Each structure stands twice: as structure tokens, then as C-alpha cells.
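Asks: Provided herewith: start35.txt, compact mmCIF, C-alpha atoms.
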```
# COMPACT_ATOMS: atom_id res chain seq x y z
CA MET A 1 17.68 13.07 -96.77
CA ASP A 2 16.14 15.03 -99.60
CA GLU A 3 18.99 15.04 -102.05
CA THR A 4 20.27 11.77 -103.45
CA SER A 5 23.77 12.54 -104.69
CA ILE A 6 26.55 10.78 -102.83
CA GLN A 7 29.92 12.53 -102.70
CA ASN A 8 31.54 10.47 -99.95
CA THR A 9 31.01 7.95 -97.16
CA ILE A 10 29.16 10.43 -94.93
CA ASP A 11 26.60 11.06 -97.67
CA ALA A 12 26.15 7.29 -98.05
CA TYR A 13 25.71 6.97 -94.28
CA ARG A 14 23.01 9.66 -94.42
CA LEU A 15 21.16 8.01 -97.29
CA PHE A 16 20.90 4.60 -95.57
CA ARG A 17 20.12 6.24 -92.22
CA GLY A 18 17.30 8.23 -93.82
CA LEU A 19 15.93 5.03 -95.34
CA GLY A 20 15.94 3.28 -91.95
CA LEU A 21 14.30 6.16 -90.11
CA HIS A 22 11.63 6.39 -92.81
CA TYR A 23 10.62 2.80 -92.05
CA GLY A 24 10.89 3.24 -88.28
CA PHE A 25 14.22 1.48 -87.70
CA ASP A 26 16.78 2.67 -85.17
CA SER A 27 20.01 1.70 -86.86
CA TYR A 28 21.51 -0.21 -89.77
CA ALA A 29 24.56 -2.00 -91.15
CA VAL A 30 25.66 -2.77 -94.71
CA VAL A 31 27.58 -6.07 -94.72
CA ASP A 32 30.04 -7.19 -97.38
CA LEU A 33 29.46 -10.95 -97.64
CA ARG A 34 32.68 -11.85 -99.45
CA SER A 35 34.50 -12.80 -96.26
CA ILE A 36 32.02 -15.38 -94.94
CA GLY A 37 33.81 -18.27 -93.30
CA SER A 38 35.80 -19.05 -90.21
CA GLU A 39 37.63 -15.74 -90.37
CA PHE A 40 34.44 -13.68 -90.62
CA ARG A 41 34.47 -10.58 -88.43
CA TYR A 42 31.70 -7.98 -88.40
CA LYS A 43 34.29 -5.23 -87.81
CA GLN A 44 35.82 -5.99 -91.22
CA ALA A 45 32.68 -7.07 -93.08
CA VAL A 46 30.46 -4.15 -92.16
CA VAL A 47 31.30 -1.45 -94.69
CA LEU A 48 28.82 1.16 -93.56
CA HIS A 49 26.73 1.41 -90.42
CA ALA A 50 25.01 3.52 -87.81
CA LEU A 51 26.56 1.66 -84.90
CA ALA A 52 29.50 2.60 -82.70
CA GLU A 53 32.80 0.93 -83.63
CA VAL A 54 33.03 -0.41 -80.10
CA GLU A 55 29.66 -2.14 -80.59
CA LEU A 56 31.08 -4.11 -83.54
CA ASP A 57 34.03 -5.14 -81.36
CA MET A 58 31.55 -6.38 -78.77
CA VAL A 59 29.67 -8.40 -81.40
CA ASP A 60 32.86 -10.00 -82.73
CA ALA A 61 33.85 -10.99 -79.22
CA GLN A 62 30.60 -13.02 -79.05
CA ALA A 63 30.34 -14.20 -82.66
CA ASN A 64 31.63 -17.50 -83.90
CA GLY A 65 32.18 -16.97 -87.60
CA GLY A 66 29.54 -16.10 -90.14
CA GLU A 67 28.36 -19.58 -91.04
CA ASP A 68 26.79 -20.22 -87.63
CA ASP A 69 25.08 -16.86 -87.63
CA PRO A 70 21.48 -17.12 -88.93
CA LEU A 71 21.65 -13.54 -90.19
CA ILE A 72 24.75 -14.09 -92.30
CA ALA A 73 23.59 -17.54 -93.40
CA GLY A 74 20.24 -16.06 -94.47
CA LEU A 75 21.83 -13.20 -96.40
CA ALA A 76 24.23 -15.58 -98.13
CA SER A 77 21.65 -18.17 -99.16
CA SER A 78 18.59 -16.08 -100.03
CA MET A 79 17.60 -13.38 -102.48
CA ALA A 80 14.47 -12.47 -100.51
CA PRO A 81 14.28 -10.10 -97.52
CA PHE A 82 13.54 -11.60 -94.12
CA MET A 83 13.14 -10.69 -90.46
CA LEU A 84 14.75 -12.07 -87.31
CA ALA A 85 13.69 -11.53 -83.73
CA ALA A 86 15.84 -11.77 -80.63
CA ASP A 87 15.16 -14.97 -78.70
CA GLU A 88 15.46 -15.50 -74.99
CA ASP A 89 18.66 -17.49 -75.37
CA GLY A 90 20.23 -14.74 -77.45
CA GLU A 91 20.99 -17.21 -80.24
CA ALA A 92 19.23 -15.46 -83.13
CA THR A 93 22.33 -13.49 -84.10
CA PRO A 94 24.95 -11.75 -81.96
CA LEU A 95 24.01 -8.45 -83.59
CA LEU A 96 20.68 -8.59 -81.75
CA SER A 97 21.72 -10.19 -78.48
CA VAL A 98 24.85 -8.08 -77.95
CA LEU A 99 23.49 -4.76 -79.14
CA GLY A 100 20.16 -5.07 -77.40
CA PHE A 101 17.87 -4.72 -80.42
CA ALA A 102 14.56 -6.58 -80.45
CA ALA A 103 14.45 -7.45 -84.15
CA LEU A 104 15.94 -6.82 -87.55
CA ALA A 105 14.97 -6.78 -91.19
CA ALA A 106 17.59 -8.03 -93.64
CA ALA A 107 17.79 -7.45 -97.38
CA PRO A 108 20.20 -9.41 -99.61
CA LEU A 109 21.83 -7.15 -102.22
CA ALA A 110 24.23 -7.64 -105.09
CA THR A 111 26.37 -5.46 -107.32
CA PRO A 112 26.14 -5.80 -111.13
CA ASP A 113 29.33 -7.88 -111.08
CA GLY A 114 27.84 -10.32 -108.58
CA GLN A 115 29.40 -9.23 -105.29
CA ARG A 116 27.00 -10.02 -102.46
CA TYR A 117 26.08 -7.54 -99.75
CA GLY A 118 23.35 -7.36 -97.14
CA LEU A 119 21.47 -4.43 -95.63
CA VAL A 120 20.42 -5.02 -92.02
CA MET A 121 17.96 -2.67 -90.31
CA PHE A 122 17.68 -2.84 -86.51
CA SER A 123 14.66 -2.13 -84.36
CA ARG A 124 14.38 -1.70 -80.62
CA GLU A 125 10.72 -2.68 -80.92
CA ALA A 126 9.47 -6.15 -81.89
CA LEU A 127 8.44 -6.48 -85.55
CA SER A 128 5.85 -9.22 -85.05
CA PRO A 129 3.63 -10.03 -86.67
CA PRO A 130 5.81 -9.58 -89.73
CA ASP A 131 4.43 -6.87 -92.00
CA VAL A 132 5.15 -8.34 -95.43
CA THR A 133 3.94 -5.28 -97.35
CA ARG A 134 6.21 -2.97 -95.35
CA LEU A 135 9.12 -5.37 -95.74
CA ALA A 136 8.61 -5.48 -99.52
CA ALA A 137 8.50 -1.67 -99.72
CA LEU A 138 11.65 -1.41 -97.63
CA TYR A 139 13.39 -3.92 -99.90
CA LEU A 140 12.50 -2.02 -103.07
CA ASP A 141 13.76 1.24 -101.59
CA ALA A 142 16.89 -0.53 -100.30
CA LEU A 143 17.65 -1.72 -103.85
CA VAL A 144 17.47 1.87 -105.12
CA VAL A 145 19.62 3.26 -102.31
CA PHE A 146 22.18 0.48 -102.72
CA GLN A 147 22.36 1.12 -106.47
CA THR A 148 23.07 4.81 -105.75
CA TYR A 149 25.73 3.84 -103.19
CA HIS A 150 27.29 1.37 -105.60
CA ASP A 151 27.44 3.80 -108.49
CA ALA A 152 28.97 6.55 -106.35
CA LEU A 153 31.44 4.69 -104.17
CA LEU A 154 31.71 0.96 -104.89
CA ALA A 155 31.93 0.82 -108.67
CA PRO A 156 35.48 1.10 -110.02
CA ARG A 157 36.18 4.35 -111.85
CA ALA A 158 37.64 4.42 -115.33
CA ALA A 159 41.42 4.01 -115.18
CA SER A 160 41.99 7.22 -117.09
CA GLU A 161 39.82 9.47 -114.91
CA PHE A 162 41.82 11.51 -112.44
CA SER A 163 40.55 14.74 -110.90
CA ASP A 164 42.66 17.89 -110.64
CA ARG A 165 42.88 17.32 -106.90
CA GLU A 166 44.11 13.74 -107.35
CA LEU A 167 46.80 14.85 -109.78
CA ALA A 168 47.88 17.62 -107.38
CA ILE A 169 48.11 15.07 -104.57
CA LEU A 170 50.20 12.76 -106.76
CA ARG A 171 52.58 15.60 -107.63
CA MET A 172 52.95 16.76 -104.02
CA THR A 173 53.44 13.20 -102.76
CA ALA A 174 56.15 12.74 -105.36
CA ASP A 175 57.79 15.87 -103.90
CA GLY A 176 57.91 14.08 -100.55
CA ARG A 177 55.20 16.09 -98.82
CA THR A 178 53.13 14.60 -96.02
CA SER A 179 49.33 14.41 -95.89
CA VAL A 180 49.17 17.32 -93.43
CA GLU A 181 51.39 19.47 -95.67
CA ILE A 182 49.25 18.65 -98.71
CA ALA A 183 46.06 19.34 -96.73
CA CYS A 184 47.37 22.78 -95.71
CA GLU A 185 48.33 23.57 -99.30
CA LEU A 186 44.99 22.48 -100.78
CA GLU A 187 42.96 23.86 -97.83
CA VAL A 188 41.15 20.60 -97.13
CA SER A 189 41.32 18.13 -94.24
CA GLU A 190 44.03 15.54 -93.69
CA HIS A 191 41.25 12.95 -93.80
CA THR A 192 40.29 14.07 -97.31
CA ILE A 193 43.91 13.75 -98.48
CA ASN A 194 44.26 10.29 -96.94
CA ALA A 195 40.96 9.17 -98.48
CA ASN A 196 42.16 10.38 -101.88
CA ILE A 197 45.49 8.59 -101.47
CA ALA A 198 43.76 5.38 -100.38
CA ALA A 199 41.60 5.57 -103.52
CA LEU A 200 44.66 6.26 -105.69
CA LEU A 201 46.51 3.26 -104.24
CA LYS A 202 43.55 1.06 -105.13
CA ARG A 203 43.13 2.46 -108.63
CA LEU A 204 46.83 2.26 -109.45
CA GLN A 205 46.99 -1.23 -107.90
CA VAL A 206 49.90 -0.43 -105.62
CA THR A 207 50.32 -0.72 -101.85
CA ASN A 208 52.21 2.34 -100.66
CA ARG A 209 53.10 5.94 -101.50
CA ALA A 210 56.49 5.13 -103.02
CA GLN A 211 54.95 2.64 -105.45
CA MET A 212 52.14 5.10 -106.18
CA THR A 213 54.62 7.83 -107.10
CA ALA A 214 56.72 5.47 -109.24
CA LYS A 215 53.67 4.23 -111.13
CA ALA A 216 52.30 7.75 -111.62
CA ILE A 217 55.60 8.83 -113.18
CA ARG A 218 55.98 5.64 -115.24
CA THR A 219 52.49 5.97 -116.69
CA LYS A 220 53.04 9.72 -117.27
CA LEU A 221 50.21 10.81 -114.98
CA ILE A 222 52.72 13.28 -113.55
CA GLY A 223 55.93 14.56 -115.11
CA MET B 1 38.15 4.33 -71.27
CA THR B 2 35.82 6.85 -72.92
CA LYS B 3 37.65 9.30 -75.14
CA THR B 4 36.65 12.95 -74.99
CA PHE B 5 36.41 14.74 -78.35
CA ARG B 6 36.66 18.53 -78.62
CA VAL B 7 34.10 19.82 -81.11
CA LEU B 8 33.69 23.45 -82.19
CA LEU B 9 30.19 24.56 -83.15
CA VAL B 10 30.01 27.75 -85.24
CA ASP B 11 26.43 28.97 -85.32
CA ASP B 12 24.83 32.37 -84.84
CA GLU B 13 21.88 30.79 -83.01
CA GLU B 14 22.97 29.97 -79.48
CA ILE B 15 19.92 27.76 -79.02
CA GLU B 16 21.57 25.29 -81.41
CA TYR B 17 24.51 25.07 -79.01
CA LYS B 18 22.18 24.32 -76.14
CA LEU B 19 20.29 21.71 -78.16
CA LEU B 20 23.45 19.92 -79.29
CA THR B 21 24.98 20.07 -75.82
CA LYS B 22 21.93 18.25 -74.50
CA ARG B 23 21.85 15.77 -77.38
CA PHE B 24 25.55 14.92 -77.22
CA SER B 25 25.53 14.51 -73.44
CA LYS B 26 23.73 11.19 -73.90
CA LEU B 27 26.40 9.47 -76.01
CA ALA B 28 27.13 5.97 -74.74
CA HIS B 29 30.64 5.42 -76.11
CA SER B 30 32.26 8.85 -76.35
CA ALA B 31 32.29 12.16 -74.53
CA ILE B 32 32.13 15.51 -76.28
CA ASP B 33 33.47 18.85 -75.10
CA LEU B 34 31.34 21.17 -77.26
CA VAL B 35 32.81 24.66 -77.67
CA TYR B 36 30.71 27.46 -79.10
CA ALA B 37 31.52 30.32 -81.47
CA ALA B 38 28.76 32.69 -82.56
CA ASP B 39 30.61 34.01 -85.60
CA ILE B 40 33.47 33.21 -87.89
CA ASN B 41 35.89 35.65 -86.26
CA ARG B 42 35.46 33.98 -82.88
CA ALA B 43 35.87 30.57 -84.55
CA VAL B 44 39.18 31.68 -86.10
CA GLU B 45 40.34 32.90 -82.67
CA LEU B 46 39.45 29.60 -81.04
CA LEU B 47 41.15 27.58 -83.77
CA GLY B 48 44.35 29.43 -82.86
CA GLU B 49 44.21 27.66 -79.51
CA GLY B 50 44.26 24.29 -81.30
CA GLY B 51 43.01 20.93 -80.09
CA PHE B 52 39.74 20.58 -82.00
CA ASP B 53 38.77 17.14 -83.36
CA LEU B 54 35.81 18.31 -85.43
CA LEU B 55 34.17 21.56 -86.59
CA LEU B 56 30.44 21.89 -87.21
CA VAL B 57 29.71 25.07 -89.15
CA ASP B 58 26.25 26.44 -89.77
CA ASN B 59 25.79 27.07 -93.46
CA ARG B 60 24.74 30.68 -93.14
CA LEU B 61 25.98 32.88 -90.32
CA ALA B 62 24.64 36.28 -89.27
CA ARG B 63 26.54 38.32 -91.86
CA GLY B 64 24.86 36.32 -94.60
CA GLU B 65 27.90 34.60 -96.05
CA ASP B 66 27.48 30.86 -96.52
CA PHE B 67 29.87 27.91 -96.23
CA ARG B 68 31.51 28.73 -99.54
CA HIS B 69 33.04 31.76 -97.85
CA ASN B 70 33.32 30.55 -94.27
CA VAL B 71 34.93 27.11 -94.67
CA PRO B 72 37.88 28.40 -96.75
CA ARG B 73 38.35 31.12 -94.12
CA LEU B 74 38.61 28.46 -91.41
CA ARG B 75 41.03 26.42 -93.54
CA LYS B 76 43.31 29.43 -93.91
CA THR B 77 44.08 29.12 -90.19
CA GLY B 78 45.91 25.87 -91.04
CA TYR B 79 43.26 23.64 -89.47
CA VAL B 80 43.37 20.26 -91.25
CA GLY B 81 40.81 18.40 -89.16
CA PRO B 82 37.31 17.58 -90.42
CA ILE B 83 34.76 20.32 -91.05
CA GLY B 84 31.06 19.60 -91.49
CA VAL B 85 28.52 22.02 -92.91
CA ILE B 86 25.24 21.85 -91.02
CA SER B 87 21.98 23.45 -92.05
CA SER B 88 18.26 23.19 -91.57
CA ASP B 89 17.91 22.91 -95.33
CA LEU B 90 20.48 21.26 -97.61
CA ALA B 91 18.61 21.96 -100.82
CA GLY B 92 20.64 23.63 -103.55
CA ALA B 93 23.15 22.36 -106.04
CA HIS B 94 26.00 24.21 -104.33
CA PHE B 95 25.77 21.80 -101.39
CA ASP B 96 26.91 19.02 -103.73
CA ARG B 97 30.20 20.89 -104.13
CA PHE B 98 31.03 21.07 -100.42
CA GLU B 99 34.34 19.27 -100.94
CA ASP B 100 35.50 21.96 -103.38
CA TYR B 101 35.34 24.47 -100.53
CA GLY B 102 37.32 22.39 -98.06
CA ALA B 103 34.42 20.83 -96.15
CA ASP B 104 34.35 17.11 -95.37
CA PHE B 105 30.64 16.56 -95.17
CA ARG B 106 27.19 18.15 -95.03
CA MET B 107 24.43 17.17 -92.67
CA SER B 108 21.04 18.59 -91.80
CA LYS B 109 20.57 19.67 -88.20
CA ASP B 110 17.78 17.12 -87.82
CA GLU B 111 20.13 14.32 -88.83
CA LEU B 112 22.74 15.28 -86.25
CA ASP B 113 21.56 12.87 -83.56
CA GLN B 114 23.52 10.61 -81.22
CA ARG B 115 24.03 7.88 -83.81
CA SER B 116 25.24 10.36 -86.42
CA ILE B 117 27.72 12.18 -84.18
CA GLN B 118 29.10 8.82 -83.04
CA PHE B 119 29.51 7.80 -86.67
CA LEU B 120 31.35 11.05 -87.42
CA LEU B 121 33.67 10.66 -84.44
CA ASP B 122 34.45 7.07 -85.45
CA GLU B 123 34.93 8.01 -89.09
CA TYR B 124 37.45 10.71 -88.28
CA SER B 125 39.31 8.91 -85.52
CA SER B 126 39.40 5.15 -85.12
CA ARG B 127 38.63 4.31 -88.74
CA GLY B 128 41.05 7.09 -89.72
CA ALA B 129 43.60 6.42 -92.40
CA PRO B 130 44.24 2.91 -93.69
CA LYS B 131 47.47 1.32 -92.44
CA ASP B 132 49.00 1.36 -95.92
CA LEU B 133 49.09 5.15 -95.79
CA ASP B 134 52.17 5.24 -93.55
CA GLU B 135 54.18 8.30 -94.49
CA ASP B 136 57.51 6.47 -94.25
CA LEU B 137 56.76 3.90 -96.91
```
Rewrite the coordinates I just gave you, this time as C-alpha cells.

Replies:
Amino acid sequence: MDETSIQNTIDAYRLFRGLGLHYGFDSYAVVDLRSIGSEFRYKQAVVLHALAEVELDMVDAQANGGEDDPLIAGLASSMAPFMLAADEDGEATPLLSVLGFAALAAAPLATPDGQRYGLVMFSREALSPPDVTRLAALYLDALVVFQTYHDALLAPRAASEFSDRELAILRMTADGRTSVEIACELEVSEHTINANIAALLKRLQVTNRAQMTAKAIRTKLIG
Amino acid sequence: MTKTFRVLLVDDEEIEYKLLTKRFSKLAHSAIDLVYAADINRAVELLGEGGFDLLLVDNRLARGEDFRHNVPRLRKTGYVGPIGVISSDLAGAHFDRFEDYGADFRMSKDELDQRSIQFLLDEYSSRGAPKDLDEDL
């Protein structure tokens, strides 16, 4: 993609997809590494990807927790990019064996507050012999793209910053209106309203609409 | 079972419809019923029939008006599903403000491949709204 501003998840998807295509990869996944352990599931840990949801279900059906997975183990223990190739036994990582890719390049990433992520780029063609120069260039570009993604969507916003649309949604929710009704009123999609409400729940540190309304009134965000 | 999604393409170039029909026919995990409208009036008519999961709207249609005019017109029909603005060229600061005009995303026509349409269908269906958004809470 030419432009680099990220307004939402689709823009982030496009930015990482453009990066992968530039380096000749077929697909990608951004993995949140905070949930490594016996309960690790790709479906939950992958926060952005160019895979089908059903493909992640297929991987989880084959996977046995993150610690036994050389991809996840490598991302968790290293700060250098690396490559993995599918082996005949399909034991390299379930992401390769289940999804039918020949190889992957993986880049460990971290947010400024130390949260670990990993960018995984998939290739249908073998990557051997490993091209170290290309891998290094990919890693440097991945760092820039991830920083853009982090700043736009992952970094917490200031507690006092609420857009006009967010305040309108708070007011209409307090009036008992549904997402569809609010979407019709504001002439946006229901998905946009739900994404805004999900973000408001997180920012106000509450778990449902009733609590969100109560907190918005209590803190005088709405009258 | 493979779910079939109904997608409305609004584009004054019918060749784009033919290209996307061919491209989307190869999806592995979803099926797409792609419906075509050559102009905004026909799109408004079709929206009256209901049942669309996604709208893909060419930025600039034959009359010369761009998405800043056309997307709000589509929203006035009461359609609250996702709308994407597609274009051969996404350069221009106004594209950064697509959400202000009621669009959900922008994507270049080159980017709209099988992986991308699958991502869009997943994003607006199975990933959908988080569970804690239940209206009754």
C-alpha cells in the first residue's frame, strides 16, 4: 500500500499484507505471545492475519500448546528473525503442516511497554538456502510497520480523548438504543458502532453497556 | 458447510465485475454471490431488496461524484452492513477520512484478491462483535 496511515484493522491488514507481498510471501500472521502456555490457541493469539478463520481452527485442532511449537518457542526466546521449513513429518510447526506452506520467516517484535509479538510470513515456495540479507531487510521493514500498527491501534489512548462519534454513541446507548439504531442514526455500519463500543468498554474499564453508561454519567462524559 | 455471502459491487466498469467474479470463484472457504450495479441509483434499488453482507463501491462512478457523496447516499437507505471503497488509486488525504463518510474500509482494486476478500468476510461475520456487546446487558 502506498499510504501508511492506519485508521482501523483493515488498514493494518493491508499494511502487513503489502509488506509480505513485497518480499514474495503469500500470507502472514501477527501473533500476540502473552498467552503462551498450555492454553495457547492460535485462534486467540493471532491478532491479525491473512488466513481464513477456519484455517486457524484447523491449526488449533492439530497444535499442542505453544511451548512444543518451534515457531512459538523461537519467537518467545529470541530477538532475531529466523526461518523454518516444513519437514516431511510435519513437525516443524502446525502452521506449516496444516496450512500447506513450504516455509516461513518469523520476526520477534515488542511494544515499548515490553509486550511480545511475532510476525510470521508464509511462503508456498521453499526459502532455502536462507537469504540472510533479505531476511534482515524484511525484519527492518517489519519493525517499522509494527511500530505504525502499534501507534494506531495497540497503544492505549489518553483517558480524556473521546471523539464526537464516541460521545454520541455513549449518549445514544444511555438512551437505550441498539447498535443498529445508532448505526442508522449516524449513517455508519453496525460493525463500526460495535467496534467503537468495544473500544469504549476497554477504555472505561467496564465489561458491558450498562456499566459503560453508568461510568460515562458518573465521570460526566455525558450529562 | 460453506456459507454463501451476498456482495454488491457498485462500479461503472462492468469489466471489474467480470474480473472479481472470476477471482472470487476460487475461494476455498466461502462462496460469494456477487451482484452488480453500474450506478448509484441501481445500487439504491438493489439495497431495497435487502440481504447484502458487504458492499464494494468504486470511488468514482460515471457521474464523477466520489465516495464522499456516494457512500452517504447508500447509508440513507438504512443499510448498516459494511461498505468498502475500492479504487485503482488510493492517493489523496480524503481517503484517510473514509470513516467520516460512513465507509468501513478502503482497498485498492489490486489488493482485492482471494486472501483479502476472505479476510473481509471473516472480519464482518465470524469475528463480528465481541461477546460482551450483548444488547441485553

Asks: Could you tell me which residues of chain A sit within 10 Å of chain B when counting all atoms listed in the file, and give me the result as number ranges by chain?

Replies: A: 1-11, 13-14, 17-18, 26-27, 48-55, 165, 173, 176-195, 197-198, 201, 206-211

Asks: With distances taken over all atoms listed in the file, which of A:Gly24, A:Gly223, A:Gly114, A:Pro156 is nearest to Leu200 in chain A?

Replies: A:Pro156

Asks: Given the choices A:Val144, A:Leu138, A:Leu204, A:Ala126, which gets closest to Gly100 in chain A if the distance is worked out from all atoms listed in the file?

Replies: A:Ala126

Asks: Could you please determine the separation between CA of Arg23 in chain B and CA of Val145 in chain A in Å, to one decimal place?

Replies: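 Going from CA of Arg23 in chain B over to CA of Val145 in chain A, I get 28.0 Å.
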
Asks: Determine, counting all atoms listed in the file, which protein, DNA and RNA residues have an atom within 7 Å of an atom of Val47 in chain A; residues of the same chain fewer than 6 positions away are not included. Present the result as a list of chain:residue names.

Replies: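 Listing them by chain and then by number gives A:Val30, A:Val31, A:Asp32.
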
Asks: So that I can check the surroundings of Leu9 in chain B, please list as a list in words every protein, DNA and RNA residue that reaches within 7 Å of it, counting only C-alpha atoms and ignoring chain neighbours fewer than 3 positions away.

Replies: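 Those residues are Leu34, Val35, Tyr36, Ala37, Leu55, Leu56 and Val57 of chain B.
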
Asks: Work out how far CA of Asp151 in chain A is from CA of Ala73 in chain A, in Å to one decimal.

Replies: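 Between these atoms lies a distance of 26.4 Å.
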
Asks: Mind giving me the straight-line distance from CA of Arg218 in chain A to CA of Leu167 in chain A in Å, one decimal?

Replies: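 That distance, rounded to one decimal, is 14.1 Å.
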
Asks: Mind checking which residues fall within 7 Å of Leu75 in chain A, counting all atoms listed in the file, ignoring those fewer than 4 positions away in the same chain, and posting them as a PyMOL selection string?

Replies: chain A and resi 71+108+118

Asks: Using all atoms listed in the file, which of B:Glu16, B:Asp58, B:Asp113, B:Asp53 sits nearest Thr4 in chain B?

Replies: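 Of B:Glu16, B:Asp58, B:Asp113, B:Asp53, the one nearest Thr4 in chain B is B:Asp53, counting all atoms listed in the file.
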
Asks: Using all atoms listed in the file, can you tell me which of B:Ala62, B:Lys109, B:Ile40, B:Gly50 comes closest to Leu20 in chain B?

Replies: B:Lys109
